[in-house]
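Accompanying notes for the structure given below.
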Amino acid sequence: MKNKENKKLTGSQIVIEALHRENTEVVFGYPGGAIMNVYDEIYKQNYFQHILTKHEQAAVHAADAYARSTGKVGVAIVTSGPGFTNAVTGLATAYTDSIPMVVISGQVPTAVIGTDAFQEIDAVGISRSCTKHNFLVNDVKDLTRVMKIAFHIASSGRPGPVHIDLPKDVTADLADFNYEQEFDLPTYKPTTKGNIRQIKAALEHISKAKRPLLYVGGGAVLSNCYEDIREFAHQTKIPVVETLMARGIMRSDDELLFGMLGMHGEYAANMAMSQTDMIICLGARFDDRVTGRLDVFAKKAHVVHVDIDPASIAKIVKPNYPIVGDLAIVMKQILEHTKDFEFNDYSPWVDKLHGFRKEHPLRFKEDSDRLKPQWVIQRTGEILGDDALISTDVGQHQMWTAQFYPFNYPRQWMTSGGLGTMGVGLPYAMGVKRGNPDKISVNFTGDGSIMMNIQEIITCTQYNLPHINIILNNNYLGMVRQWQTRFYEDRLAETILDTQADFKMLCKSMGGVGYKVHTKEEFDKALKDAVDSNKPAMIEVIVDRREEVLPMVPNGHALDEMLLLGDK
Amino acid sequence: MNNFKDFYNSEEKREVLSVVVINKESVLSRIVDLFSARGYNIDSLTVAPIPDSEYSRITIITVGRARVIDQIVKQLNKLVPVLKVTEHKDVIEKDTVLIKVPIDQNLSDVDVLARAYNGAIQNVTENAIVISATDEPKRIANFIKIIEKYKPLEIVRSGVVAMER
């Protein structure tokens, strides 16, 4: 495919060539009428693999997880109308967690746009509110520019999904193709370096604080700077709490890490946030699940907030030291000047946090015949540890995994944090395996979530993407059930799942291996078998039905008002 | 301490924003969508191309607390086709109104009133006259109130354009 530059190509060929130049190695997708020209070129090319999922939603989730686990831009292609609307949940999930993706959809020909043609929908109108940016390409002459800019926008600044809507005639029309050409984007220039005077002023204040706290969020994962954050924490001995999205930034056994904070955060983490006098927020956004009741949140604290998105700063909490910039660059700037300041001895503060941890450690009680879900997660961590990349669905199992799996490096953990999308787990495990063939891909899921994209087991069989779904089966939509028990006098409205598939047979029927386990011994054996099988696997674990996720900050309560194990 | 009372609890105030955008990728609907998705107010919105450029100027009048205004400006800036957002402090604002008055009203009164608001009769037919006036938005609102007496058939306002002094 040499000398393609400066020769006329069809719109479809431009898409393929552009994807190739963006180093795309895999595309997840699903063909259909309006996108057929592009699929014809996919058929002819050898640049990348195309993975045909069973549902467009799963294709976009898989591309999302590929991006989360590798740091590259995920790519998905779908057709117009229902193909696109099925992809919307995937776009929204990636958007709320700032995941770089390019999603291309087919559209009816430009001549019939607006006539309610077959499989026509106003795709860019729909995706506007759940993408970082979107394009409707009306002229093939714009396509090269759009493809190049889409990848640039998706992966720069605060990352996010970009949607390109491609009318069918545009995919057939001819245009020059020169991907080397630079395109100026005068209206899009993300700030990268932090203001150095502000950084120094913040460091000065931090050095004099008594109880500073590093509050680390998903931005730390996205900007690939965990080593510098660890370095800064260790140099200054400032304790760290992580958001759900930031698990793995610190090693799980780090003496300075006091766990995840928030609604289901660790007691010590929430107490730390409630009592700190200096919040150093690195790429987090003071989400409502983190702050609890806002008017009493971190009352005693000054705030340093580093974020690449100016709109994240002062959206919820107004910082004393706002620093706009790429966290990776700002951390370098911070480390460069750390030695200029004499930091207080924070050990009394760290000791205090150890005291909190001792008082109420993260724990669970083994007091029934049934396995505890937390044990299953902890045990998986003991057996697989750093060899596994962990995805989850959404619900109780997700919180237990965040609490009990020993995450030791970033991008080890794929979860839908912002949108909370049930059904992502299996496609996530697929995308993770495709991006990281040498790792074991595990999906912790529930008996509710797993059914939302169960069909993708076949896809994983077809494309040889082995992974292990560990279904923590409590025959409930557990998280909603927990709230119903606590706040709705145990009226279990539509949360009892007593009619279920035989997961073992279900997985087998789609080419995988299945296990149903009741005991610790059975679980150990099933996990080992599943790893050795090198096939898509399902381990259904019958767990204590009424186990709750604790601690819990009930809605509308302050972060230090936690329900703890044993509270009724 | 992290205590910014003015920021969180300030009174709502009126703000004139001038947003320079690139004329591409349905930028107007992006801006309108942003306001509705995030629950911000639009009191007035006008758009016109900036001569000899690929840009347009959108003038938005909005109302909100300091914290909300801060977010509006940041969220607007975040939109890819937005070049620049200016919060106007000291501005000249102008609003134009077209009013159709039935011919059987006291036209000399109407004419005097129109002139009092920098306006004039623009068109006359056998059934009605059309007057126009351009003035500060508050005065235009006043003008409309007064002209009600003459049973106007139709009133069209342009929305506000603004420029820093």
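Quick note on naming: the chains in the structure tokens go A, B, ... in the order shown, residues restart at 1 in each chain, and ligands are numbered from 1 in order of appearance.
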
- For Ala154 (chain A), list every protein, DNA or RNA residue within 10 Å, evaluated using only C-alpha atoms, and leave out those in the same chain fewer than 3 positions away; present the list as a ChimeraX atom specification. /A:73-74,98-102,131-133,149-151,157-163

Item checked: All strand (DSSP E or B) residues (DSSP, backbone) inside region 67-159 of chain B, as a PyMOL selection string -> chain B and resi 82-88+91-102+119-124+128-135+154-159

Just write the chosen residues, N, CA and C atoms, as an mmCIF file, in the first residue's frame.
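File selection02.cif, as written:
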data_model
loop_
_atom_site.group_PDB
_atom_site.id
_atom_site.type_symbol
_atom_site.label_atom_id
_atom_site.label_comp_id
_atom_site.auth_asym_id
_atom_site.auth_seq_id
_atom_site.Cartn_x
_atom_site.Cartn_y
_atom_site.Cartn_z
ATOM 1 N N VAL B 82 -15.370 26.559 20.071
ATOM 2 C CA VAL B 82 -15.384 27.877 20.716
ATOM 3 C C VAL B 82 -13.962 28.419 20.818
ATOM 4 N N LEU B 83 -13.771 29.635 20.275
ATOM 5 C CA LEU B 83 -12.439 30.245 20.303
ATOM 6 C C LEU B 83 -12.221 31.024 21.589
ATOM 7 N N LYS B 84 -13.222 31.787 21.995
ATOM 8 C CA LYS B 84 -13.004 32.723 23.091
ATOM 9 C C LYS B 84 -14.335 33.063 23.742
ATOM 10 N N VAL B 85 -14.322 33.162 25.065
ATOM 11 C CA VAL B 85 -15.521 33.606 25.780
ATOM 12 C C VAL B 85 -15.139 34.830 26.594
ATOM 13 N N THR B 86 -15.894 35.907 26.439
ATOM 14 C CA THR B 86 -15.607 37.123 27.210
ATOM 15 C C THR B 86 -16.783 37.435 28.120
ATOM 16 N N GLU B 87 -16.475 37.649 29.393
ATOM 17 C CA GLU B 87 -17.499 38.124 30.328
ATOM 18 C C GLU B 87 -17.420 39.635 30.321
ATOM 19 N N HIS B 88 -18.448 40.273 29.823
ATOM 20 C CA HIS B 88 -18.375 41.729 29.699
ATOM 21 C C HIS B 88 -18.625 42.418 31.026
ATOM 22 N N VAL B 91 -20.304 47.397 29.308
ATOM 23 C CA VAL B 91 -20.682 47.215 27.910
ATOM 24 C C VAL B 91 -21.764 48.163 27.450
ATOM 25 N N ILE B 92 -21.737 48.403 26.175
ATOM 26 C CA ILE B 92 -22.873 49.040 25.524
ATOM 27 C C ILE B 92 -23.741 47.903 25.010
ATOM 28 N N GLU B 93 -25.013 47.916 25.384
ATOM 29 C CA GLU B 93 -25.930 46.883 24.900
ATOM 30 C C GLU B 93 -27.014 47.540 24.060
ATOM 31 N N LYS B 94 -27.345 46.893 22.983
ATOM 32 C CA LYS B 94 -28.430 47.401 22.148
ATOM 33 C C LYS B 94 -29.379 46.271 21.780
ATOM 34 N N ASP B 95 -30.649 46.654 21.748
ATOM 35 C CA ASP B 95 -31.704 45.703 21.410
ATOM 36 C C ASP B 95 -32.589 46.424 20.391
ATOM 37 N N THR B 96 -33.082 45.700 19.417
ATOM 38 C CA THR B 96 -33.964 46.317 18.423
ATOM 39 C C THR B 96 -35.339 45.673 18.493
ATOM 40 N N VAL B 97 -36.367 46.501 18.300
ATOM 41 C CA VAL B 97 -37.715 45.950 18.282
ATOM 42 C C VAL B 97 -38.461 46.458 17.046
ATOM 43 N N LEU B 98 -39.243 45.566 16.461
ATOM 44 C CA LEU B 98 -40.149 45.939 15.366
ATOM 45 C C LEU B 98 -41.579 45.773 15.894
ATOM 46 N N ILE B 99 -42.388 46.808 15.685
ATOM 47 C CA ILE B 99 -43.760 46.742 16.201
ATOM 48 C C ILE B 99 -44.742 47.156 15.101
ATOM 49 N N LYS B 100 -45.772 46.324 14.961
ATOM 50 C CA LYS B 100 -46.806 46.634 13.962
ATOM 51 C C LYS B 100 -48.028 47.177 14.702
ATOM 52 N N VAL B 101 -48.453 48.405 14.332
ATOM 53 C CA VAL B 101 -49.577 49.050 15.015
ATOM 54 C C VAL B 101 -50.695 49.277 13.997
ATOM 55 N N PRO B 102 -51.948 48.988 14.359
ATOM 56 C CA PRO B 102 -53.060 49.197 13.412
ATOM 57 C C PRO B 102 -53.156 50.665 12.992
ATOM 58 N N GLY B 119 -36.395 55.682 17.775
ATOM 59 C CA GLY B 119 -37.030 54.897 16.721
ATOM 60 C C GLY B 119 -37.716 55.758 15.670
ATOM 61 N N ALA B 120 -38.368 55.089 14.716
ATOM 62 C CA ALA B 120 -39.043 55.801 13.640
ATOM 63 C C ALA B 120 -40.034 54.876 12.958
ATOM 64 N N ILE B 121 -40.937 55.471 12.183
ATOM 65 C CA ILE B 121 -41.856 54.664 11.380
ATOM 66 C C ILE B 121 -41.073 54.111 10.193
ATOM 67 N N GLN B 122 -41.179 52.805 9.968
ATOM 68 C CA GLN B 122 -40.393 52.169 8.917
ATOM 69 C C GLN B 122 -41.221 51.867 7.676
ATOM 70 N N ASN B 123 -42.503 51.623 7.890
ATOM 71 C CA ASN B 123 -43.325 51.172 6.771
ATOM 72 C C ASN B 123 -44.791 51.489 7.063
ATOM 73 N N VAL B 124 -45.516 51.813 6.001
ATOM 74 C CA VAL B 124 -46.936 52.079 6.179
ATOM 75 C C VAL B 124 -47.712 51.320 5.111
ATOM 76 N N ALA B 128 -51.789 48.927 8.532
ATOM 77 C CA ALA B 128 -50.924 49.052 9.708
ATOM 78 C C ALA B 128 -49.657 49.818 9.371
ATOM 79 N N ILE B 129 -49.002 50.290 10.439
ATOM 80 C CA ILE B 129 -47.666 50.846 10.266
ATOM 81 C C ILE B 129 -46.690 49.988 11.059
ATOM 82 N N VAL B 130 -45.435 49.982 10.593
ATOM 83 C CA VAL B 130 -44.393 49.260 11.338
ATOM 84 C C VAL B 130 -43.398 50.294 11.843
ATOM 85 N N ILE B 131 -43.153 50.267 13.146
ATOM 86 C CA ILE B 131 -42.130 51.150 13.702
ATOM 87 C C ILE B 131 -40.981 50.300 14.209
ATOM 88 N N SER B 132 -39.807 50.890 14.266
ATOM 89 C CA SER B 132 -38.685 50.162 14.855
ATOM 90 C C SER B 132 -37.978 51.086 15.823
ATOM 91 N N ALA B 133 -37.304 50.493 16.809
ATOM 92 C CA ALA B 133 -36.507 51.279 17.746
ATOM 93 C C ALA B 133 -35.315 50.455 18.183
ATOM 94 N N THR B 134 -34.189 51.122 18.347
ATOM 95 C CA THR B 134 -32.986 50.449 18.845
ATOM 96 C C THR B 134 -32.484 51.225 20.053
ATOM 97 N N ASP B 135 -32.348 50.507 21.157
ATOM 98 C CA ASP B 135 -31.955 51.199 22.383
ATOM 99 C C ASP B 135 -31.447 50.166 23.389
ATOM 100 N N GLU B 154 -48.251 42.943 16.354
ATOM 101 C CA GLU B 154 -47.121 42.018 16.359
ATOM 102 C C GLU B 154 -45.905 42.745 16.927
ATOM 103 N N ILE B 155 -45.115 42.031 17.740
ATOM 104 C CA ILE B 155 -43.883 42.620 18.284
ATOM 105 C C ILE B 155 -42.739 41.627 18.070
ATOM 106 N N VAL B 156 -41.657 42.075 17.467
ATOM 107 C CA VAL B 156 -40.491 41.192 17.273
ATOM 108 C C VAL B 156 -39.257 41.878 17.851
ATOM 109 N N ARG B 157 -38.570 41.163 18.762
ATOM 110 C CA ARG B 157 -37.333 41.709 19.346
ATOM 111 C C ARG B 157 -36.138 40.981 18.780
ATOM 112 N N SER B 158 -35.042 41.682 18.624
ATOM 113 C CA SER B 158 -33.862 41.089 17.988
ATOM 114 C C SER B 158 -33.023 40.277 18.963
ATOM 115 N N GLY B 159 -33.110 40.571 20.249
ATOM 116 C CA GLY B 159 -32.121 40.046 21.184
ATOM 117 C C GLY B 159 -30.986 41.045 21.270
#

Compile a residue-level contact table for chain A against chain B at a cut-off of 6 Å, reporting for every qualifying residue the shortest atom pair and its distance in Å to one decimal, with only C-alpha atoms counted, rows ordered by chain and ascending number, as a tab-separated table.
residue	atom	partner	partner_atom	distance
A:Thr187	CA	B:Leu83	CA	4.4
A:Tyr188	CA	B:Val80	CA	5.6
A:Ala301	CA	B:Asn2	CA	6.0
A:His302	CA	B:Asn2	CA	5.0
A:Ala311	CA	B:Lys74	CA	5.0

Keeping N, CA and C atoms, export the residues of the selection given above as an mmCIF file, in the first residue's frame.
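Listing of result26.cif after writing:
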data_model
loop_
_atom_site.group_PDB
_atom_site.id
_atom_site.type_symbol
_atom_site.label_atom_id
_atom_site.label_comp_id
_atom_site.auth_asym_id
_atom_site.auth_seq_id
_atom_site.Cartn_x
_atom_site.Cartn_y
_atom_site.Cartn_z
ATOM 1 N N THR A 187 -9.221 26.668 17.757
ATOM 2 C CA THR A 187 -10.151 26.750 18.888
ATOM 3 C C THR A 187 -9.931 25.636 19.909
ATOM 4 N N TYR A 188 -8.971 24.761 19.671
ATOM 5 C CA TYR A 188 -8.763 23.643 20.606
ATOM 6 C C TYR A 188 -7.297 23.564 21.000
ATOM 7 N N ALA A 301 -10.387 22.059 55.461
ATOM 8 C CA ALA A 301 -9.295 21.900 54.500
ATOM 9 C C ALA A 301 -9.109 23.077 53.556
ATOM 10 N N HIS A 302 -7.853 23.371 53.265
ATOM 11 C CA HIS A 302 -7.521 24.134 52.081
ATOM 12 C C HIS A 302 -7.439 23.139 50.930
ATOM 13 N N ALA A 311 -12.912 23.185 33.599
ATOM 14 C CA ALA A 311 -14.304 23.113 34.053
ATOM 15 C C ALA A 311 -14.476 22.177 35.247
#

Any chance you could list, as an mmCIF file with N, CA and C atoms, in the first residue's frame, the residues in region 401-430 of chain A that come up helix (DSSP H, G or I) when DSSP is run on the backbone?
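Result file is result38.cif:
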data_model
loop_
_atom_site.group_PDB
_atom_site.id
_atom_site.type_symbol
_atom_site.label_atom_id
_atom_site.label_comp_id
_atom_site.auth_asym_id
_atom_site.auth_seq_id
_atom_site.Cartn_x
_atom_site.Cartn_y
_atom_site.Cartn_z
ATOM 1 N N THR A 401 -14.994 -5.538 44.836
ATOM 2 C CA THR A 401 -13.736 -5.717 44.108
ATOM 3 C C THR A 401 -12.821 -4.513 44.339
ATOM 4 N N ALA A 402 -13.405 -3.310 44.270
ATOM 5 C CA ALA A 402 -12.606 -2.101 44.519
ATOM 6 C C ALA A 402 -11.999 -2.142 45.918
ATOM 7 N N GLN A 403 -12.737 -2.706 46.864
ATOM 8 C CA GLN A 403 -12.254 -2.748 48.244
ATOM 9 C C GLN A 403 -11.233 -3.856 48.489
ATOM 10 N N PHE A 404 -11.468 -5.034 47.901
ATOM 11 C CA PHE A 404 -10.717 -6.210 48.354
ATOM 12 C C PHE A 404 -9.707 -6.772 47.364
ATOM 13 N N GLY A 425 -19.066 -5.539 31.952
ATOM 14 C CA GLY A 425 -18.020 -6.437 32.430
ATOM 15 C C GLY A 425 -17.495 -7.414 31.398
ATOM 16 N N LEU A 426 -18.399 -8.137 30.755
ATOM 17 C CA LEU A 426 -17.956 -9.151 29.795
ATOM 18 C C LEU A 426 -17.274 -8.507 28.579
ATOM 19 N N PRO A 427 -17.887 -7.514 27.951
ATOM 20 C CA PRO A 427 -17.163 -6.836 26.861
ATOM 21 C C PRO A 427 -15.855 -6.194 27.328
ATOM 22 N N TYR A 428 -15.818 -5.697 28.548
ATOM 23 C CA TYR A 428 -14.558 -5.162 29.072
ATOM 24 C C TYR A 428 -13.494 -6.262 29.119
ATOM 25 N N ALA A 429 -13.871 -7.421 29.645
ATOM 26 C CA ALA A 429 -12.903 -8.517 29.748
ATOM 27 C C ALA A 429 -12.402 -8.910 28.361
ATOM 28 N N MET A 430 -13.294 -8.815 27.359
ATOM 29 C CA MET A 430 -12.918 -9.117 25.969
ATOM 30 C C MET A 430 -11.915 -8.090 25.445
#

For Pro49 (chain B), the closest of B:Val160, B:Val32, B:Val19, B:Leu113 counting only C-alpha atoms is B:Val19

Would you pick out the contacts of Leu327 (chain A) at 10 Å or less, using only C-alpha atoms, so that residues sharing its chain but fewer than 2 positions from it are not included, and give the list as a list of chain:residue names?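 The neighbour list is A:Thr192, A:Lys193, A:Gly194, A:Gly219, A:Ala220, A:Val221, A:Leu222, A:Ser223, A:Asn224, A:Cys225, A:Tyr226, A:Asp228, A:Ile229, A:Leu282, A:Gly283, A:Val306, A:Asp307, A:Ile308, A:Ile323, A:Val324, A:Gly325, A:Ile329, A:Val330, A:Met331, A:Lys332, A:Gln333, A:Ile334.
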
Using only C-alpha atoms, pick whichever of A:Phe407, A:Phe444, A:Phe118, A:Phe28 has the shortest atom-to-atom distance to Val394 (chain A).
->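 Looking at the shortest contact to Val394 (chain A), the residue is A:Phe444.
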
- prompt: Do you know which residues are at most 9 Å from region 515-531 of chain A counting only C-alpha atoms, after dropping those on the same chain fewer than 3 positions away, and could you put them as a list of chain:residue names?
  reply: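 Contacts, with the query itself left out: A:Asp369, A:Arg370, A:Leu371, A:Trp375, A:Val376, A:Arg379, A:Thr380, A:Ile383, A:Ile440, A:Pro466, A:His467, A:Ile468, A:Ile470, A:Asp502, A:Phe503, A:Lys504, A:Met505, A:Asn534, A:Lys535, A:Pro536, A:Ala537, A:Met538, A:Ile539, A:Glu540, A:Val541, A:Ile542, A:Val543.
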
Just the residues within 8 Å of Leu550 (chain A), please, counting only C-alpha atoms, with nothing from its chain fewer than 6 positions along; format it as a short mmCIF file (atom, residue, chain, number, x, y, z; two decimals) with N, CA and C atoms, in the first residue's frame.
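The resulting result_7.cif:
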data_model
loop_
_atom_site.label_atom_id
_atom_site.label_comp_id
_atom_site.auth_asym_id
_atom_site.auth_seq_id
_atom_site.Cartn_x
_atom_site.Cartn_y
_atom_site.Cartn_z
N HIS A 264 -18.65 3.99 49.53
CA HIS A 264 -18.26 2.68 50.05
C HIS A 264 -16.77 2.64 50.31
N LEU A 563 -22.14 3.87 57.94
CA LEU A 563 -22.64 2.61 58.49
C LEU A 563 -21.50 1.62 58.40
N LEU A 564 -21.22 0.94 59.52
CA LEU A 564 -20.08 0.02 59.55
C LEU A 564 -20.57 -1.39 59.82
N LEU A 565 -19.68 -2.33 59.65
CA LEU A 565 -20.03 -3.73 59.88
C LEU A 565 -20.61 -3.89 61.29
#

Counting only C-alpha atoms, the residue among A:Glu342, A:Gln198, A:Arg357, A:Gly418 that lies closest to Phe286 (chain A) is A:Gly418

Which residues are near Val350 (chain A)? Cut-off 8 Å, only C-alpha atoms, ignore same chain within fewer than 2 positions. Put them as a tab-separated table (two decimals) with C-alpha atoms, in the first residue's frame.
chain	number	residue	atom	x	y	z
A	238	ILE	CA	1.93	12.55	52.76
A	239	PRO	CA	-0.80	9.89	53.04
A	256	LEU	CA	0.88	5.58	52.93
A	346	TYR	CA	3.39	14.37	59.07
A	347	SER	CA	3.96	11.17	61.03
A	348	PRO	CA	1.53	12.07	63.85
A	352	LYS	CA	-3.68	8.81	63.46
A	353	LEU	CA	-4.86	7.34	60.16
A	354	HIS	CA	-3.30	4.00	61.08

Q.
At a cut-off of 9 Å, using only C-alpha atoms, what residues contact region 21-27 of chain A? Leave out same-chain residues fewer than 4 positions from it and give the result as a ChimeraX atom specification.
A. /A:16-17,47-52,59,63,72-77,148,151,179,434-435

With distances taken over only C-alpha atoms, the candidate from A:Ala558, A:Leu244, A:Gly29, A:Gln482 nearest Asp295 (chain A) is A:Ala558
